[in-house]
file coords-v1.cif (mmCIF, C-alpha atoms)
data_target
#
loop_
_atom_site.group_PDB
_atom_site.id
_atom_site.type_symbol
_atom_site.label_atom_id
_atom_site.label_comp_id
_atom_site.auth_asym_id
_atom_site.auth_seq_id
_atom_site.Cartn_x
_atom_site.Cartn_y
_atom_site.Cartn_z
ATOM 1 C CA MET W 1 18.713 -21.945 -2.713
ATOM 2 C CA ILE W 2 15.856 -23.779 -1.039
ATOM 3 C CA MET W 3 16.967 -22.478 2.354
ATOM 4 C CA LEU W 4 17.153 -18.913 1.030
ATOM 5 C CA SER W 5 13.766 -19.042 -0.586
ATOM 6 C CA SER W 6 12.073 -20.650 2.375
ATOM 7 C CA ALA W 7 13.622 -18.075 4.688
ATOM 8 C CA ALA W 8 12.686 -15.149 2.456
ATOM 9 C CA GLY W 9 9.155 -16.304 1.784
ATOM 10 C CA PHE W 10 7.132 -15.930 4.909
ATOM 11 C CA THR W 11 3.865 -17.064 3.392
ATOM 12 C CA PRO W 12 4.100 -20.831 2.986
ATOM 13 C CA MET W 13 3.496 -21.935 -0.579
ATOM 14 C CA LEU W 14 2.913 -19.149 -3.079
ATOM 15 C CA SER W 15 5.613 -16.857 -1.799
ATOM 16 C CA PHE W 16 8.019 -19.783 -1.586
ATOM 17 C CA PHE W 17 7.616 -20.529 -5.274
ATOM 18 C CA MET W 18 7.859 -16.832 -6.122
ATOM 19 C CA LYS W 19 11.215 -16.575 -4.415
ATOM 20 C CA PHE W 20 12.277 -19.942 -5.747
ATOM 21 C CA SER W 21 11.779 -18.801 -9.327
ATOM 22 C CA LEU W 22 13.621 -15.568 -8.549
ATOM 23 C CA PHE W 23 16.653 -17.219 -6.968
ATOM 24 C CA SER W 24 16.885 -20.026 -9.482
ATOM 25 C CA ILE W 25 16.978 -17.668 -12.445
ATOM 26 C CA ILE W 26 19.358 -15.226 -10.751
ATOM 27 C CA SER W 27 21.806 -17.899 -9.623
ATOM 28 C CA LEU W 28 21.787 -19.374 -13.110
ATOM 29 C CA ASN W 29 22.421 -16.061 -14.817
ATOM 30 C CA TYR W 30 24.516 -14.010 -12.425
ATOM 31 C CA GLY W 31 26.094 -16.591 -10.164
ATOM 32 C CA ILE W 32 25.817 -17.527 -6.533
ATOM 33 C CA ILE W 33 27.220 -14.281 -5.087
ATOM 34 C CA PHE W 34 24.403 -12.142 -6.438
ATOM 35 C CA ALA W 35 21.867 -14.794 -5.458
ATOM 36 C CA ILE W 36 23.063 -14.645 -1.849
ATOM 37 C CA ILE W 37 23.096 -10.819 -1.803
ATOM 38 C CA ILE W 38 19.554 -10.608 -3.169
ATOM 39 C CA GLY W 39 18.462 -13.450 -0.890
ATOM 40 C CA VAL W 40 19.732 -11.662 2.204
ATOM 41 C CA LEU W 41 18.009 -8.446 1.097
ATOM 42 C CA ASN W 42 14.766 -10.386 0.602
ATOM 43 C CA ILE W 43 15.098 -11.928 4.051
ATOM 44 C CA ILE W 44 15.403 -8.430 5.478
ATOM 45 C CA GLY W 45 12.408 -7.456 3.368
ATOM 46 C CA SER W 46 10.297 -10.273 4.750
ATOM 47 C CA VAL W 47 10.367 -8.414 8.061
ATOM 48 C CA ALA W 48 7.543 -6.464 6.388
ATOM 49 C CA TYR W 49 5.127 -9.335 6.946
ATOM 50 C CA LEU W 50 6.065 -9.571 10.596
ATOM 51 C CA LYS W 51 5.651 -5.816 11.000
ATOM 52 C CA MET W 52 2.278 -5.935 9.251
ATOM 53 C CA LEU W 53 1.180 -8.696 11.611
ATOM 54 C CA ARG W 54 2.347 -6.665 14.582
ATOM 55 C CA ASN W 55 0.419 -3.671 13.265
ATOM 56 C CA LEU W 56 -2.723 -5.759 12.827
ATOM 57 C CA ILE W 57 -2.511 -7.368 16.251
ATOM 58 C CA GLY W 58 -1.395 -4.213 18.009
ATOM 59 C CA TYR W 59 1.607 -2.933 19.860
ATOM 60 C CA ASN W 60 2.508 -4.209 23.238
ATOM 61 C CA ILE W 61 2.926 -0.802 24.829
ATOM 62 C CA THR W 62 5.195 -0.595 27.824
ATOM 63 C CA PRO W 63 6.911 2.511 29.230
ATOM 64 C CA PHE W 64 10.012 1.401 27.351
ATOM 65 C CA SER W 65 8.362 0.843 23.989
ATOM 66 C CA PHE W 66 6.259 4.002 23.901
ATOM 67 C CA ARG W 67 6.088 5.592 20.457
ATOM 68 C CA LYS W 68 4.683 8.814 19.135
ATOM 69 C CA LYS W 69 1.571 8.320 17.051
ATOM 70 C CA THR W 70 2.604 10.655 14.252
ATOM 71 C CA LYS W 71 6.024 9.747 12.967
ATOM 72 C CA PRO W 72 7.714 11.461 10.042
ATOM 73 C CA TYR W 73 8.717 9.561 6.968
ATOM 74 C CA SER W 74 11.846 7.450 7.028
ATOM 75 C CA PRO W 75 15.045 9.202 5.962
ATOM 76 C CA LEU W 76 14.940 7.335 2.634
ATOM 77 C CA VAL W 77 12.003 9.507 1.583
ATOM 78 C CA LEU W 78 13.563 12.882 0.986
ATOM 79 C CA ASP W 79 11.467 15.629 2.511
ATOM 80 C CA ILE W 80 12.378 18.421 0.137
ATOM 81 C CA ASP W 81 10.596 21.173 -1.713
ATOM 82 C CA TYR W 82 9.305 20.954 -5.255
ATOM 83 C CA ASN W 83 12.154 22.624 -7.161
ATOM 84 C CA THR W 84 14.874 20.627 -5.423
ATOM 85 C CA GLY W 85 12.916 17.469 -6.145
ATOM 86 C CA LEU W 86 12.725 18.365 -9.808
ATOM 87 C CA ILE W 87 16.474 18.983 -9.996
ATOM 88 C CA LEU W 88 17.194 15.747 -8.095
ATOM 89 C CA ASN W 89 15.002 13.755 -10.470
ATOM 90 C CA ILE W 90 16.837 15.145 -13.479
ATOM 91 C CA LEU W 91 20.161 14.404 -11.749
ATOM 92 C CA CYS W 92 19.020 10.820 -11.129
ATOM 93 C CA VAL W 93 18.235 10.450 -14.818
ATOM 94 C CA ILE W 94 21.673 11.761 -15.785
ATOM 95 C CA VAL W 95 23.511 9.539 -13.287
ATOM 96 C CA CYS W 96 21.582 6.457 -14.337
ATOM 97 C CA PHE W 97 22.367 7.246 -17.939
ATOM 98 C CA GLY W 98 26.014 6.743 -17.019
ATOM 99 C CA PHE W 99 25.260 3.089 -16.267
ATOM 100 C CA LEU W 100 24.679 2.580 -19.981
ATOM 101 C CA PHE W 101 28.323 3.211 -20.757
ATOM 102 C CA TYR W 102 30.069 2.191 -17.532
ATOM 103 C CA ASN W 103 28.609 -1.208 -16.805
ATOM 104 C CA GLU W 104 31.952 -2.972 -16.607
ATOM 105 C CA PHE W 105 31.975 -2.752 -12.819
ATOM 106 C CA LEU W 106 29.417 -5.547 -12.720
ATOM 107 C CA TYR W 107 32.125 -7.966 -13.787
ATOM 108 C CA PHE W 108 33.956 -7.246 -10.553
ATOM 109 C CA PHE W 109 31.704 -9.786 -8.842
ATOM 110 C CA SER W 110 32.158 -12.577 -11.335
ATOM 111 C CA TYR W 111 35.066 -14.789 -12.143
ATOM 112 C CA ASN W 112 36.252 -15.708 -15.660
ATOM 113 C CA ASN W 113 34.659 -12.408 -16.762
ATOM 114 C CA ASN W 114 31.476 -14.327 -17.331
ATOM 115 C CA PHE W 115 28.034 -14.101 -15.744
ATOM 116 C CA ALA W 116 26.403 -16.924 -17.579
ATOM 117 C CA TYR W 117 27.356 -20.235 -16.036
ATOM 118 C CA MET W 118 24.414 -22.082 -17.509
ATOM 119 C CA ASP W 119 24.683 -21.287 -21.167
ATOM 120 C CA THR W 120 24.832 -24.503 -23.072
ATOM 121 C CA LEU W 121 22.690 -22.591 -25.561
ATOM 122 C CA SER W 122 24.153 -19.472 -27.053
ATOM 123 C CA THR W 123 22.223 -16.280 -26.408
ATOM 124 C CA GLN W 124 21.305 -16.040 -30.074
ATOM 125 C CA GLN W 125 19.650 -19.455 -29.891
ATOM 126 C CA ILE W 126 17.713 -18.353 -26.819
ATOM 127 C CA TYR W 127 16.400 -15.278 -28.620
ATOM 128 C CA ILE W 128 15.327 -17.394 -31.543
ATOM 129 C CA ARG W 129 13.466 -19.697 -29.194
ATOM 130 C CA ILE W 130 11.767 -16.799 -27.435
ATOM 131 C CA LEU W 131 10.862 -14.985 -30.632
ATOM 132 C CA TYR W 132 9.700 -17.893 -32.756
ATOM 133 C CA ASN W 133 8.631 -20.214 -29.927
ATOM 134 C CA GLU W 134 10.735 -23.092 -31.236
ATOM 135 C CA MET V 1 -4.420 4.967 -14.904
ATOM 136 C CA ALA V 2 -4.363 8.492 -13.592
ATOM 137 C CA SER V 3 -8.044 8.282 -12.771
ATOM 138 C CA PHE V 4 -7.304 5.556 -10.248
ATOM 139 C CA TYR V 5 -4.903 7.816 -8.405
ATOM 140 C CA ILE V 6 -7.434 10.650 -8.472
ATOM 141 C CA LEU V 7 -10.050 8.241 -7.138
ATOM 142 C CA GLY V 8 -7.713 7.012 -4.442
ATOM 143 C CA VAL V 9 -6.572 10.332 -3.160
ATOM 144 C CA THR V 10 -9.772 12.343 -3.441
ATOM 145 C CA MET V 11 -11.487 9.842 -1.210
ATOM 146 C CA TYR V 12 -9.041 10.862 1.477
ATOM 147 C CA LEU V 13 -8.688 14.528 0.670
ATOM 148 C CA SER V 14 -6.691 16.995 2.718
ATOM 149 C CA TRP V 15 -4.179 19.757 2.125
ATOM 150 C CA SER V 16 -1.141 17.555 2.639
ATOM 151 C CA ASN V 17 -2.484 15.140 0.056
ATOM 152 C CA PHE V 18 -3.052 17.950 -2.370
ATOM 153 C CA ASN V 19 0.677 18.630 -2.340
ATOM 154 C CA THR V 20 1.376 14.927 -2.847
ATOM 155 C CA ASN V 21 -1.048 14.775 -5.755
ATOM 156 C CA LEU V 22 0.436 17.791 -7.406
ATOM 157 C CA SER V 23 4.010 16.519 -7.210
ATOM 158 C CA TYR V 24 2.972 13.056 -8.384
ATOM 159 C CA PHE V 25 1.114 14.317 -11.420
ATOM 160 C CA THR V 26 3.775 16.805 -12.458
ATOM 161 C CA PHE V 27 6.584 14.250 -12.216
ATOM 162 C CA ASN V 28 4.499 11.680 -14.046
ATOM 163 C CA GLU V 29 3.782 14.078 -16.868
ATOM 164 C CA LEU V 30 7.493 14.835 -16.986
ATOM 165 C CA SER V 31 8.258 11.149 -17.371
ATOM 166 C CA GLU V 32 5.615 10.747 -20.064
ATOM 167 C CA TYR V 33 7.387 13.254 -22.266
ATOM 168 C CA SER V 34 10.299 10.851 -22.450
ATOM 169 C CA ASN V 35 8.040 8.278 -24.052
ATOM 170 C CA VAL V 36 7.753 10.388 -27.207
ATOM 171 C CA ASN V 37 11.225 9.241 -28.184
ATOM 172 C CA ILE V 38 9.989 5.725 -28.984
ATOM 173 C CA THR V 39 7.817 6.861 -31.854
ATOM 174 C CA SER V 40 10.474 9.156 -33.261
ATOM 175 C CA SER V 41 13.135 6.462 -33.588
ATOM 176 C CA ASN V 42 10.888 3.480 -34.231
ATOM 177 C CA SER V 43 11.649 3.349 -37.925
ATOM 178 C CA LYS V 44 15.367 3.099 -37.311
ATOM 179 C CA ILE V 45 15.305 0.160 -34.909
ATOM 180 C CA TYR V 46 16.163 -2.639 -37.271
ATOM 181 C CA GLY V 47 18.577 -0.689 -39.415
ATOM 182 C CA TYR V 48 21.620 0.233 -37.391
ATOM 183 C CA LEU V 49 22.510 1.218 -33.871
ATOM 184 C CA ASN V 50 22.687 4.924 -33.270
ATOM 185 C CA ILE V 51 22.791 7.200 -30.288
ATOM 186 C CA GLU V 52 19.127 8.167 -30.743
ATOM 187 C CA LEU V 53 18.135 4.563 -30.277
ATOM 188 C CA VAL V 54 20.199 4.194 -27.105
ATOM 189 C CA PHE V 55 18.626 7.373 -25.776
ATOM 190 C CA SER V 56 15.147 6.175 -26.625
ATOM 191 C CA ILE V 57 15.667 2.787 -24.942
ATOM 192 C CA PHE V 58 16.982 4.535 -21.880
ATOM 193 C CA PHE V 59 14.157 7.046 -21.718
ATOM 194 C CA PHE V 60 11.356 4.586 -22.189
ATOM 195 C CA LEU V 61 12.934 2.455 -19.485
ATOM 196 C CA ILE V 62 12.935 5.509 -17.225
ATOM 197 C CA TYR V 63 9.269 6.072 -18.073
ATOM 198 C CA PHE V 64 8.294 2.539 -17.098
ATOM 199 C CA LEU V 65 10.501 2.493 -14.017
ATOM 200 C CA PHE V 66 8.882 5.688 -12.807
ATOM 201 C CA LYS V 67 5.428 4.255 -13.293
ATOM 202 C CA LEU V 68 6.370 1.028 -11.524
ATOM 203 C CA GLY V 69 8.021 2.811 -8.617
ATOM 204 C CA SER V 70 11.521 1.501 -9.038
ATOM 205 C CA ALA V 71 14.580 3.115 -7.452
ATOM 206 C CA PRO V 72 15.652 5.910 -7.785
ATOM 207 C CA PHE V 73 12.146 7.060 -8.731
ATOM 208 C CA TYR V 74 10.393 5.461 -5.789
ATOM 209 C CA THR V 75 9.572 8.306 -3.412
ATOM 210 C CA TRP V 76 6.147 9.047 -4.877
ATOM 211 C CA VAL V 77 5.076 5.465 -4.091
ATOM 212 C CA VAL V 78 5.290 5.928 -0.345
ATOM 213 C CA ASP V 79 3.556 9.293 -0.544
ATOM 214 C CA VAL V 80 0.689 8.137 -2.729
ATOM 215 C CA TYR V 81 0.088 4.837 -0.910
ATOM 216 C CA ASN V 82 0.001 6.674 2.402
ATOM 217 C CA SER V 83 -2.554 9.175 1.187
ATOM 218 C CA CYS V 84 -4.789 6.530 -0.394
ATOM 219 C CA SER V 85 -7.764 5.092 1.378
ATOM 220 C CA THR V 86 -7.423 1.417 2.192
ATOM 221 C CA GLY V 87 -10.117 0.325 -0.240
ATOM 222 C CA VAL V 88 -8.337 1.760 -3.242
ATOM 223 C CA LEU V 89 -4.900 0.577 -2.149
ATOM 224 C CA PHE V 90 -5.257 -2.690 -4.046
ATOM 225 C CA LEU V 91 -6.054 -0.886 -7.292
ATOM 226 C CA VAL V 92 -3.252 1.604 -6.826
ATOM 227 C CA SER V 93 -0.655 -1.012 -5.947
ATOM 228 C CA VAL V 94 -1.455 -3.934 -8.222
ATOM 229 C CA LEU V 95 -3.044 -2.460 -11.338
ATOM 230 C CA PRO V 96 -0.013 -0.434 -12.482
ATOM 231 C CA LYS V 97 2.132 -3.555 -12.212
ATOM 232 C CA LEU V 98 -0.393 -5.672 -14.102
ATOM 233 C CA ILE V 99 -0.596 -3.063 -16.858
ATOM 234 C CA TYR V 100 2.939 -1.732 -17.199
ATOM 235 C CA PHE V 101 4.965 -4.917 -16.704
ATOM 236 C CA PRO V 102 3.417 -6.809 -19.656
ATOM 237 C CA ILE V 103 3.886 -3.740 -21.885
ATOM 238 C CA LEU V 104 7.497 -3.486 -20.764
ATOM 239 C CA ILE V 105 8.037 -7.220 -21.297
ATOM 240 C CA PHE V 106 6.608 -7.203 -24.803
ATOM 241 C CA LEU V 107 8.589 -4.113 -25.724
ATOM 242 C CA LEU V 108 11.858 -5.526 -24.426
ATOM 243 C CA PHE V 109 11.563 -9.179 -25.375
ATOM 244 C CA PHE V 110 9.875 -8.795 -28.745
ATOM 245 C CA ASN V 111 10.960 -5.417 -30.094
ATOM 246 C CA PHE V 112 14.233 -4.531 -28.419
ATOM 247 C CA ILE V 113 15.622 -8.041 -27.931
ATOM 248 C CA ILE V 114 18.509 -7.260 -30.284
ATOM 249 C CA PHE V 115 19.747 -4.567 -27.943
ATOM 250 C CA TYR V 116 19.710 -6.733 -24.827
ATOM 251 C CA VAL V 117 23.217 -5.540 -23.905
ATOM 252 C CA TYR V 118 21.860 -2.152 -22.967
ATOM 253 C CA TRP V 119 18.596 -2.875 -21.246
ATOM 254 C CA SER V 120 19.478 -6.083 -19.394
ATOM 255 C CA ASN V 121 22.364 -4.420 -17.587
ATOM 256 C CA LEU V 122 20.263 -1.372 -16.828
ATOM 257 C CA LEU V 123 17.417 -3.487 -15.479
ATOM 258 C CA PHE V 124 19.837 -5.448 -13.298
ATOM 259 C CA ILE V 125 21.279 -2.278 -11.761
ATOM 260 C CA PHE V 126 17.848 -0.730 -11.225
ATOM 261 C CA GLY V 127 16.540 -3.991 -9.789
ATOM 262 C CA LEU V 128 19.409 -4.277 -7.313
ATOM 263 C CA MET V 129 18.917 -0.672 -6.213
ATOM 264 C CA THR V 130 15.184 -1.206 -5.837
ATOM 265 C CA VAL V 131 15.557 -4.369 -3.772
ATOM 266 C CA PHE V 132 18.083 -2.637 -1.523
ATOM 267 C CA VAL V 133 15.915 0.449 -1.019
ATOM 268 C CA GLY V 134 12.751 -1.609 -0.483
ATOM 269 C CA SER V 135 14.268 -3.922 2.088
ATOM 270 C CA MET V 136 15.987 -1.117 3.984
ATOM 271 C CA GLY V 137 12.910 1.097 3.928
ATOM 272 C CA ILE V 138 10.838 -1.564 5.650
ATOM 273 C CA LEU V 139 13.175 -1.553 8.634
ATOM 274 C CA LEU V 140 12.746 2.174 9.197
ATOM 275 C CA THR V 141 8.954 2.401 9.333
ATOM 276 C CA ASP V 142 6.056 1.308 11.515
ATOM 277 C CA LYS V 143 2.979 2.486 9.609
ATOM 278 C CA LEU V 144 0.961 -0.241 7.917
ATOM 279 C CA LYS V 145 0.443 1.451 4.570
ATOM 280 C CA GLU V 146 4.024 2.609 4.449
ATOM 281 C CA ILE V 147 5.260 -0.925 5.093
ATOM 282 C CA TYR V 148 2.983 -2.128 2.332
ATOM 283 C CA SER V 149 4.400 0.451 -0.059
ATOM 284 C CA TRP V 150 8.016 -0.536 0.718
ATOM 285 C CA SER V 151 7.031 -4.164 0.230
ATOM 286 C CA SER V 152 5.563 -3.333 -3.163
ATOM 287 C CA ILE V 153 8.819 -1.566 -4.091
ATOM 288 C CA LEU V 154 10.722 -4.693 -3.067
ATOM 289 C CA HIS V 155 8.500 -6.881 -5.254
ATOM 290 C CA THR V 156 8.981 -4.494 -8.170
ATOM 291 C CA GLY V 157 12.732 -4.888 -7.752
ATOM 292 C CA ASN V 158 12.421 -8.666 -7.736
ATOM 293 C CA ILE V 159 10.426 -8.649 -10.960
ATOM 294 C CA LEU V 160 12.958 -6.305 -12.560
ATOM 295 C CA LEU V 161 15.749 -8.690 -11.532
ATOM 296 C CA ILE V 162 13.919 -11.593 -13.142
ATOM 297 C CA LEU V 163 13.424 -9.528 -16.292
ATOM 298 C CA SER V 164 17.107 -8.675 -16.489
ATOM 299 C CA CYS V 165 17.997 -12.350 -16.964
ATOM 300 C CA ILE V 166 17.874 -13.546 -20.541
ATOM 301 C CA SER V 167 16.789 -17.167 -20.583
ATOM 302 C CA LEU V 168 13.969 -19.375 -21.749
ATOM 303 C CA ASN V 169 12.216 -19.274 -18.387
ATOM 304 C CA THR V 170 12.240 -15.500 -17.902
ATOM 305 C CA LEU V 171 8.774 -14.741 -19.232
ATOM 306 C CA SER V 172 7.041 -17.619 -17.469
ATOM 307 C CA PHE V 173 8.780 -16.855 -14.152
ATOM 308 C CA CYS V 174 7.964 -13.183 -14.458
ATOM 309 C CA PHE V 175 4.272 -13.738 -15.133
ATOM 310 C CA PHE V 176 4.117 -16.339 -12.370
ATOM 311 C CA TYR V 177 5.626 -13.795 -9.951
ATOM 312 C CA LEU V 178 3.170 -11.103 -11.082
ATOM 313 C CA ILE V 179 0.110 -13.328 -10.658
ATOM 314 C CA SER V 180 1.316 -14.617 -7.288
ATOM 315 C CA TYR V 181 1.949 -11.061 -6.109
ATOM 316 C CA THR V 182 -1.575 -10.092 -7.158
ATOM 317 C CA ILE V 183 -3.115 -12.977 -5.241
ATOM 318 C CA LEU V 184 -0.982 -12.333 -2.153
ATOM 319 C CA SER V 185 -1.741 -8.626 -1.988
ATOM 320 C CA PHE V 186 -5.423 -9.255 -2.658
ATOM 321 C CA GLY V 187 -5.525 -11.623 0.301
ATOM 322 C CA PHE V 188 -3.637 -9.238 2.531
ATOM 323 C CA LEU V 189 -5.851 -6.269 1.706
ATOM 324 C CA CYS V 190 -8.961 -8.420 2.185
ATOM 325 C CA ILE V 191 -7.746 -9.099 5.710
ATOM 326 C CA ILE V 192 -7.226 -5.389 6.354
ATOM 327 C CA MET V 193 -10.635 -4.455 4.949
ATOM 328 C CA SER V 194 -12.377 -7.073 7.054
ATOM 329 C CA LEU V 195 -10.990 -5.645 10.276
#
call {"tool": "encode", "arguments": {"input": "coords-v1.cif", "output": "structure tokens"}}
result
Amino acid sequence: MIMLSSAAGFTPMLSFFMKFSLFSIISLNYGIIFAIIIGVLNIIGSVAYLKMLRNLIGYNITPFSFRKKTKPYSPLVLDIDYNTGLILNILCVIVCFGFLFYNEFLYFFSYNNNFAYMDTLSTQQIYIRILYNE
Amino acid sequence: MASFYILGVTMYLSWSNFNTNLSYFTFNELSEYSNVNITSSNSKIYGYLNIELVFSIFFFLIYFLFKLGSAPFYTWVVDVYNSCSTGVLFLVSVLPKLIYFPILIFLLFFNFIIFYVYWSNLLFIFGLMTVFVGSMGILLTDKLKEIYSWSSILHTGNILLILSCISLNTLSFCFFYLISYTILSFGFLCIIMSL
């Protein structure tokens, strides 16, 4: 966990503790598999800081690394007209609504059909502690 | 909140941004209609579980996820951040998180805590999707503001993942993450503004 959080947090102290809190709570609740998946995604995401630094310092332009100045958006941003966007948004809402009723696939990643490895307290006790601050 | 976006985009006005503004505002208004459901079913919360309540939880989650820029409602984030001037970028990126996350937390953990089965799973799925989209989007871009917007999407996903866990430390970790994110982005944007 420490290795993951130190690798994912590029900025030394604050970002390290941010990721540390994230990974500790996720590994406690959902298990080590999800912690590793999210950790790897965060490591990929920390490329952002390196790219920002490169943007601030400037490109090292060679004939092989020449880029156009105006680039279109990445393919993740759908470049579509207004009506299609409206329909797609409504479709997204409908598809996500399906997750309410078909959330059993999450248990595919866990063993013993159980996410919570840490629960010495029952969930009801945790709610009582959160609600009444006991 | 909308005035901040108007402020941000009008300082950098052009025809392409006008289109962005229009789509952002119309979709946001669309998402705000879903928030009406909370008031309609508020009296029935503690009585029994019905389909109206499930719908209302779902729709107010959608409302907040849209405002926070979570997947699959994230595309306006890149558009709006790109069309903002750099000075307003801090307000546009951090203020919605500082406003909407505490409201979401207090709604979920103090009003809808009984129905954790529904919203914790939903938040986990949305958080995973958001982290995936944010981290992959960073790899595909080179613009500074666009990278910043993908990074903010990634952080939103991380906070959603923390929120989806039900434990004693959730609230403290979540607020710690929010405050740290604010400080980090403030420092980063100070560097950009000083250049």
call {"tool": "closest_residue", "arguments": {"input": "coords-v1.cif", "among": "W:Leu22, W:Ala35, W:Val40, W:Ile87", "to": "chain V", "atoms": "all atoms listed in the file"}}
result
W:Leu22
call {"tool": "resolve_selection", "arguments": {"input": "coords-v1.cif", "expression": "the PyMOL selection byres ((chain V and resi 101) around 10)", "output": "compact mmCIF listing (two decimals) with C-alpha atoms, keeping the file's coordinate frame"}}
result
# COMPACT_ATOMS: atom_id res chain seq x y z
CA PHE V 64 8.29 2.54 -17.10
CA LEU V 65 10.50 2.49 -14.02
CA LYS V 67 5.43 4.26 -13.29
CA LEU V 68 6.37 1.03 -11.52
CA LEU V 95 -3.04 -2.46 -11.34
CA PRO V 96 -0.01 -0.43 -12.48
CA LYS V 97 2.13 -3.56 -12.21
CA LEU V 98 -0.39 -5.67 -14.10
CA ILE V 99 -0.60 -3.06 -16.86
CA TYR V 100 2.94 -1.73 -17.20
CA PRO V 102 3.42 -6.81 -19.66
CA ILE V 103 3.89 -3.74 -21.88
CA LEU V 104 7.50 -3.49 -20.76
CA ILE V 105 8.04 -7.22 -21.30
CA PHE V 106 6.61 -7.20 -24.80
CA LEU V 107 8.59 -4.11 -25.72
CA THR V 156 8.98 -4.49 -8.17
CA ILE V 159 10.43 -8.65 -10.96
CA LEU V 160 12.96 -6.30 -12.56
CA LEU V 163 13.42 -9.53 -16.29
CA CYS V 174 7.96 -13.18 -14.46
CA PHE V 175 4.27 -13.74 -15.13
CA LEU V 178 3.17 -11.10 -11.08
call {"tool": "atom_distance", "arguments": {"input": "coords-v1.cif", "atom1": "atom CA of Ile57 of chain V", "atom2": "atom CA of Thr75 of chain V"}}
result
23.0 Å
call {"tool": "closest_residue", "arguments": {"input": "coords-v1.cif", "among": "V:Phe132, V:Phe90, V:Phe115, V:Phe126", "to": "Thr182 of chain V", "atoms": "all atoms listed in the file"}}
result
V:Phe90
call {"tool": "atom_distance", "arguments": {"input": "coords-v1.cif", "atom1": "atom CA of Ser74 of chain W", "atom2": "atom CA of Asn121 of chain V"}}
result
29.3 Å
call {"tool": "closest_residue", "arguments": {"input": "coords-v1.cif", "among": "W:Leu50, W:Ile26, W:Met13, W:Ile90", "to": "chain V", "atoms": "all atoms listed in the file"}}
result
W:Ile26
call {"tool": "atom_distance", "arguments": {"input": "coords-v1.cif", "atom1": "atom CA of Glu146 of chain V", "atom2": "atom CA of Val77 of chain V"}}
result
9.1 Å
call {"tool": "closest_residue", "arguments": {"input": "coords-v1.cif", "among": "V:Ser70, V:Ser167, V:Asn111, V:Ser149", "to": "chain W", "atoms": "only C-alpha atoms"}}
result
V:Ser167
call {"tool": "closest_residue", "arguments": {"input": "coords-v1.cif", "among": "W:Leu28, W:Ile37, W:Val77, W:Val95", "to": "chain V", "atoms": "all atoms listed in the file"}}
result
W:Val77
call {"tool": "closest_residue", "arguments": {"input": "coords-v1.cif", "among": "V:Ser152, V:Leu184, V:Lys145, V:Ile138", "to": "Ser83 of chain V", "atoms": "all atoms listed in the file"}}
result
V:Lys145
